[in-house]
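Trainee: I am sharing run_32.cif, which consists of mmCIF, C-alpha atoms:
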data_final
loop_
_atom_site.group_PDB
_atom_site.id
_atom_site.type_symbol
_atom_site.label_atom_id
_atom_site.label_comp_id
_atom_site.auth_asym_id
_atom_site.auth_seq_id
_atom_site.Cartn_x
_atom_site.Cartn_y
_atom_site.Cartn_z
ATOM 1 C CA MET A 1 106.922 106.762 68.545
ATOM 2 C CA THR A 2 105.521 105.413 65.312
ATOM 3 C CA ASP A 3 101.862 105.536 64.530
ATOM 4 C CA THR A 4 99.939 102.333 65.019
ATOM 5 C CA THR A 5 97.107 101.067 62.905
ATOM 6 C CA TYR A 6 94.700 99.009 64.934
ATOM 7 C CA PRO A 7 93.114 95.983 63.256
ATOM 8 C CA THR A 8 89.378 96.323 62.845
ATOM 9 C CA ASP A 9 88.547 93.138 60.977
ATOM 10 C CA GLN A 10 88.488 90.792 63.982
ATOM 11 C CA LYS A 11 85.197 89.253 64.992
ATOM 12 C CA LYS A 12 83.729 90.419 68.295
ATOM 13 C CA THR A 13 84.437 87.114 69.993
ATOM 14 C CA HIS A 14 87.121 86.109 72.425
ATOM 15 C CA GLY A 15 90.127 88.130 71.354
ATOM 16 C CA GLY A 16 87.980 90.604 69.407
ATOM 17 C CA TYR A 17 88.830 93.106 72.116
ATOM 18 C CA ARG A 18 90.869 95.075 69.568
ATOM 19 C CA ASN A 19 87.539 96.242 68.125
ATOM 20 C CA LEU A 20 86.355 97.601 71.461
ATOM 21 C CA ARG A 21 86.475 101.380 71.619
ATOM 22 C CA SER A 22 87.532 101.054 75.255
ATOM 23 C CA PHE A 23 90.613 99.042 74.216
ATOM 24 C CA GLN A 24 91.444 101.400 71.355
ATOM 25 C CA THR A 25 91.159 104.428 73.648
ATOM 26 C CA ALA A 26 93.209 102.694 76.355
ATOM 27 C CA THR A 27 95.885 101.960 73.751
ATOM 28 C CA LEU A 28 96.047 105.651 72.841
ATOM 29 C CA ILE A 29 96.251 106.532 76.532
ATOM 30 C CA TYR A 30 99.103 104.088 77.067
ATOM 31 C CA ASP A 31 101.110 105.291 74.056
ATOM 32 C CA LEU A 32 100.556 108.963 74.885
ATOM 33 C CA THR A 33 101.338 108.423 78.572
ATOM 34 C CA VAL A 34 104.700 106.868 77.710
ATOM 35 C CA GLU A 35 105.542 109.924 75.620
ATOM 36 C CA PHE A 36 104.149 112.315 78.258
ATOM 37 C CA CYS A 37 106.301 110.720 80.964
ATOM 38 C CA ASP A 38 109.386 110.753 78.729
ATOM 39 C CA ARG A 39 108.891 114.472 78.119
ATOM 40 C CA TYR A 40 107.600 115.817 81.422
ATOM 41 C CA MET A 41 108.360 113.308 84.188
ATOM 42 C CA THR A 42 112.130 113.039 83.776
ATOM 43 C CA TYR A 43 113.557 114.262 87.049
ATOM 44 C CA PRO A 44 116.822 113.381 88.755
ATOM 45 C CA THR A 45 115.283 111.843 91.895
ATOM 46 C CA ASN A 46 114.099 108.303 92.567
ATOM 47 C CA LYS A 47 110.870 109.737 94.000
ATOM 48 C CA SER A 48 109.873 111.248 90.648
ATOM 49 C CA TYR A 49 110.951 108.129 88.742
ATOM 50 C CA ARG A 50 108.534 106.153 90.881
ATOM 51 C CA THR A 51 105.653 108.401 89.742
ATOM 52 C CA TYR A 52 106.840 108.054 86.129
ATOM 53 C CA ASP A 53 106.859 104.268 86.457
ATOM 54 C CA GLN A 54 103.487 104.135 88.223
ATOM 55 C CA MET A 55 101.847 106.300 85.554
ATOM 56 C CA VAL A 56 103.168 104.130 82.730
ATOM 57 C CA GLN A 57 102.167 100.955 84.587
ATOM 58 C CA ALA A 58 98.657 102.278 85.323
ATOM 59 C CA ALA A 59 98.202 103.151 81.635
ATOM 60 C CA ARG A 60 99.531 99.728 80.625
ATOM 61 C CA SER A 61 97.263 97.992 83.149
ATOM 62 C CA GLY A 62 94.239 99.825 81.777
ATOM 63 C CA ARG A 63 94.963 98.437 78.313
ATOM 64 C CA GLN A 64 96.190 94.964 79.225
ATOM 65 C CA ASN A 65 93.315 94.133 81.577
ATOM 66 C CA ILE A 66 90.746 94.822 78.856
ATOM 67 C CA ALA A 67 92.552 92.298 76.641
ATOM 68 C CA GLU A 68 92.999 89.780 79.453
ATOM 69 C CA GLY A 69 89.357 90.136 80.487
ATOM 70 C CA SER A 70 88.219 89.466 76.945
ATOM 71 C CA GLN A 71 90.334 86.314 76.817
ATOM 72 C CA ALA A 72 89.064 85.203 80.250
ATOM 73 C CA SER A 73 85.452 85.504 79.080
ATOM 74 C CA ALA A 74 85.750 82.113 77.365
ATOM 75 C CA VAL A 75 86.021 80.488 80.780
ATOM 76 C CA SER A 76 84.571 82.939 83.279
ATOM 77 C CA LYS A 77 82.322 85.963 82.875
ATOM 78 C CA LYS A 78 83.078 86.759 86.501
ATOM 79 C CA SER A 79 86.808 86.971 85.690
ATOM 80 C CA GLU A 80 86.061 89.182 82.699
ATOM 81 C CA ILE A 81 84.038 91.567 84.880
ATOM 82 C CA LYS A 82 86.811 91.616 87.481
ATOM 83 C CA LEU A 83 89.553 92.354 84.928
ATOM 84 C CA VAL A 84 87.582 95.092 83.181
ATOM 85 C CA GLY A 85 87.015 96.549 86.656
ATOM 86 C CA VAL A 86 90.780 96.466 87.242
ATOM 87 C CA ALA A 87 91.285 98.297 83.930
ATOM 88 C CA ARG A 88 88.794 100.934 85.060
ATOM 89 C CA ALA A 89 90.510 101.320 88.434
ATOM 90 C CA SER A 90 93.938 101.624 86.800
ATOM 91 C CA LEU A 91 92.735 104.419 84.543
ATOM 92 C CA GLU A 92 91.151 106.187 87.526
ATOM 93 C CA GLU A 93 94.531 106.034 89.280
ATOM 94 C CA LEU A 94 96.175 107.496 86.187
ATOM 95 C CA LEU A 95 93.543 110.248 86.025
ATOM 96 C CA ILE A 96 94.447 111.319 89.563
ATOM 97 C CA ASP A 97 98.145 111.347 88.627
ATOM 98 C CA TYR A 98 97.449 113.757 85.762
ATOM 99 C CA GLU A 99 95.308 115.968 87.997
ATOM 100 C CA ASP A 100 98.114 115.963 90.586
ATOM 101 C CA PHE A 101 100.628 116.881 87.880
ATOM 102 C CA LEU A 102 98.593 119.968 86.941
ATOM 103 C CA ARG A 103 97.879 121.009 90.528
ATOM 104 C CA GLN A 104 101.480 120.642 91.686
ATOM 105 C CA ARG A 105 102.696 122.843 88.829
ATOM 106 C CA SER A 106 99.895 125.410 89.188
ATOM 107 C CA LEU A 107 98.610 124.570 85.705
ATOM 108 C CA PRO A 108 94.878 124.810 84.982
ATOM 109 C CA LEU A 109 92.650 121.764 84.810
ATOM 110 C CA TRP A 110 90.372 122.325 81.834
ATOM 111 C CA SER A 111 86.671 122.084 82.564
ATOM 112 C CA LYS A 112 84.606 119.640 80.548
ATOM 113 C CA GLY A 113 82.967 122.478 78.622
ATOM 114 C CA CYS A 114 85.970 124.676 77.858
ATOM 115 C CA PRO A 115 86.788 125.071 74.133
ATOM 116 C CA GLN A 116 90.120 123.194 74.357
ATOM 117 C CA ALA A 117 88.522 120.196 76.101
ATOM 118 C CA GLN A 118 85.575 120.248 73.670
ATOM 119 C CA THR A 119 87.974 120.064 70.719
ATOM 120 C CA ILE A 120 89.693 117.016 72.197
ATOM 121 C CA ARG A 121 86.395 115.410 73.206
ATOM 122 C CA ASN A 122 85.059 115.845 69.665
ATOM 123 C CA LEU A 123 87.994 113.883 68.243
ATOM 124 C CA THR A 124 86.381 110.753 69.661
ATOM 125 C CA TYR A 125 83.902 110.839 66.771
ATOM 126 C CA LYS A 126 86.671 110.478 64.194
ATOM 127 C CA THR A 127 86.758 106.920 62.920
ATOM 128 C CA ASP A 128 90.373 107.152 61.804
ATOM 129 C CA LYS A 129 91.906 108.611 64.974
ATOM 130 C CA THR A 130 95.382 107.413 65.869
ATOM 131 C CA TYR A 131 98.276 108.389 68.052
ATOM 132 C CA THR A 132 99.155 111.212 65.659
ATOM 133 C CA THR A 133 95.645 112.659 66.030
ATOM 134 C CA TYR A 134 96.570 113.670 69.590
ATOM 135 C CA GLN A 135 100.319 114.172 69.263
ATOM 136 C CA THR A 136 100.125 117.961 68.809
ATOM 137 C CA TYR A 137 98.598 118.237 72.297
ATOM 138 C CA LEU A 138 101.830 116.890 73.786
ATOM 139 C CA LYS A 139 103.796 120.019 72.905
ATOM 140 C CA ASN A 140 103.399 121.576 76.356
ATOM 141 C CA PRO A 141 102.665 120.049 79.770
ATOM 142 C CA GLU A 142 99.312 121.798 80.290
ATOM 143 C CA SER A 143 97.700 120.659 77.045
ATOM 144 C CA ALA A 144 99.334 117.216 77.278
ATOM 145 C CA ALA A 145 97.979 116.462 80.753
ATOM 146 C CA ASN A 146 94.548 117.881 79.932
ATOM 147 C CA CYS A 147 94.360 115.937 76.671
ATOM 148 C CA LEU A 148 95.089 112.719 78.521
ATOM 149 C CA ILE A 149 92.557 113.603 81.199
ATOM 150 C CA CYS A 150 89.917 113.981 78.462
ATOM 151 C CA LEU A 151 90.897 110.619 76.939
ATOM 152 C CA ILE A 152 90.810 108.906 80.334
ATOM 153 C CA HIS A 153 87.320 110.276 81.018
ATOM 154 C CA GLN A 154 86.218 108.892 77.641
ATOM 155 C CA ALA A 155 87.787 105.489 78.326
ATOM 156 C CA ASN A 156 86.232 105.366 81.800
ATOM 157 C CA TYR A 157 82.813 106.160 80.354
ATOM 158 C CA LEU A 158 83.239 103.333 77.828
ATOM 159 C CA LEU A 159 84.436 100.926 80.526
ATOM 160 C CA ASP A 160 81.490 101.821 82.771
ATOM 161 C CA LYS A 161 79.118 100.974 79.900
ATOM 162 C CA GLN A 162 81.062 97.789 79.174
ATOM 163 C CA LEU A 163 80.860 96.729 82.831
ATOM 164 C CA GLN A 164 77.107 97.390 82.913
ATOM 165 C CA ALA A 165 76.628 95.213 79.820
ATOM 166 C CA LEU A 166 78.837 92.433 81.222
ATOM 167 C CA GLU A 167 76.999 92.468 84.553
ATOM 168 C CA LYS A 168 73.632 92.361 82.814
ATOM 169 C CA ALA A 169 74.747 89.418 80.648
ATOM 170 C CA PHE A 170 76.080 87.620 83.712
ATOM 171 C CA ILE A 171 72.787 88.067 85.543
ATOM 172 C CA THR A 172 70.603 86.989 82.618
ATOM 173 C CA GLN A 173 72.806 84.275 81.070
ATOM 174 C CA GLY A 174 74.894 83.152 84.011
ATOM 175 C CA GLY A 175 78.546 82.450 83.940
ATOM 176 C CA TYR A 176 80.566 79.531 82.690
ATOM 177 C CA SER A 177 80.531 77.725 86.053
ATOM 178 C CA GLU A 178 76.785 78.135 86.507
ATOM 179 C CA ASN A 179 76.102 76.898 82.986
ATOM 180 C CA LEU A 180 78.337 73.854 83.489
ATOM 181 C CA PHE A 181 76.510 73.084 86.729
ATOM 182 C CA LYS A 182 73.127 73.361 84.966
ATOM 183 C CA ALA A 183 74.353 71.090 82.165
ATOM 184 C CA ARG A 184 75.625 68.556 84.714
ATOM 185 C CA LEU A 185 72.262 68.559 86.542
ATOM 186 C CA LYS A 186 70.426 68.153 83.250
ATOM 187 C CA LYS A 187 72.673 65.228 82.318
ATOM 188 C CA ARG A 188 72.079 63.566 85.679
ATOM 189 C CA GLU A 189 68.322 63.901 85.290
ATOM 190 C CA SER A 190 68.393 62.459 81.777
ATOM 191 C CA ASP A 191 70.503 59.499 82.974
ATOM 192 C CA ARG A 192 67.885 58.522 85.585
#
In structure tokens, write the structure found in this file.
Mentor:
Amino acid sequence: MTDTTYPTDQKKTHGGYRNLRSFQTATLIYDLTVEFCDRYMTYPTNKSYRTYDQMVQAARSGRQNIAEGSQASAVSKKSEIKLVGVARASLEELLIDYEDFLRQRSLPLWSKGCPQAQTIRNLTYKTDKTYTTYQTYLKNPESAANCLICLIHQANYLLDKQLQALEKAFITQGGYSENLFKARLKKRESDR
């Protein structure tokens, strides 16, 4: 996997989702999940391939729904909220898959405060973090799964904040449909 530089010069308008920390974190999760599954989820049975595929698709859905929600915001705030909620749910599903991976192999789940988890959690403050920032954690299944669990918790926190802000904006500003209805009523009144 090659390292990806994420554009940061886009305006925070429709399509400016690439600047969202939630999208950037979800992109890291997707890229790292693909590598994780290639390394640790390659088993000879169809049953294990299904888990591999579901993990990759959940990671992809987390990323793609943030982008799709941002694009939908031009027409419907309600659709944006729904799609960001789908992204959040997809990452929660992926989180459970990583926890299952550790439990089924009798590997420890790092607590939030353990030194290894703290080191990974502190990487979030780096402004230049990329795929390679986390790549060393993929060297063994325990650190790989726990690293991704930390990243998913961070992304979920960001998505929860994003959803709260979207819901607040929807309540105070209304959505596209409501604003069109208000404009239509105003036009009718002015035509009388």
Trainee: Go through the shown structure with the PyMOL selection byres ((chain A and resi 34-39) around 7) and write out the matching residues as a list in words.
Mentor: Tyr30, Asp31, Leu32, Thr33, Tyr40, Met41, Thr42, Tyr52, Val56, Leu138 and Ala144 of chain A
Trainee: Please write as number ranges by chain the full residue list that the PyMOL selection byres ((chain A and resi 157-172) around 12) yields on this file.
Mentor: A: 17, 20-26, 62-63, 65-66, 69-70, 73, 76-92, 124, 150-156, 173-179
Trainee: Using all atoms listed in the file, can you tell me which of A:Glu142, A:Tyr137, A:Thr130, A:Gln118 comes closest to Gln104 (chain A)?
Mentor: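 Closest to Gln104 (chain A) of all the choices is A:Glu142.
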Trainee: Just the number, please: distance in Å from CA of Leu102 (chain A) to CA of Tyr131 (chain A), one decimal.
Mentor: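 Distance reported for this atom pair: 22.2 Å.
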Trainee: Quick check, in Å to one decimal: how far apart do CA of Asn146 (chain A) and CA of Lys112 (chain A) lie?
Mentor: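 According to the coordinates, CA of Asn146 (chain A) and CA of Lys112 (chain A) are separated by 10.1 Å.
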Trainee: To one decimal place, how far is CA of Thr119 (chain A) from CA of Arg60 (chain A) in Å?
Mentor: 25.4 Å
Trainee: Nearest residue to Gln64 (chain A) out of A:Tyr98, A:Leu107, A:Ala117, A:Arg18, using only C-alpha atoms?
Mentor: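 The closest residue to Gln64 (chain A) is A:Arg18.
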Trainee: Between A:Ser190, A:Asn19, A:Asn140, A:Thr51, single out the one closest to Asp100 (chain A), counting all atoms listed in the file.
Mentor: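 Going through A:Ser190, A:Asn19, A:Asn140, A:Thr51 one by one, the smallest distance to Asp100 (chain A) is for A:Thr51.
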Trainee: Nearest residue to Arg121 (chain A) out of A:Ser61, A:Arg188, A:Tyr134, A:Glu99, using only C-alpha atoms?
Mentor: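 Of the candidates, the smallest distance to Arg121 (chain A) is held by A:Tyr134.
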Trainee: Using all atoms listed in the file, which residue out of A:Leu94, A:Ile149, A:Ala67, A:Ala72 lies closest to Asp53 (chain A)?
Mentor: A:Leu94
Trainee: Kindly compute an axis-aligned box around the listed atoms of region 124-127 of chain A, allowing 5 Å on each side, and express its centre and edge lengths in Å to one decimal as lines of an AutoDock Vina configuration file.
Mentor:
center_x = 85.3
center_y = 108.9
center_z = 66.3
size_x = 12.9
size_y = 13.9
size_z = 16.7
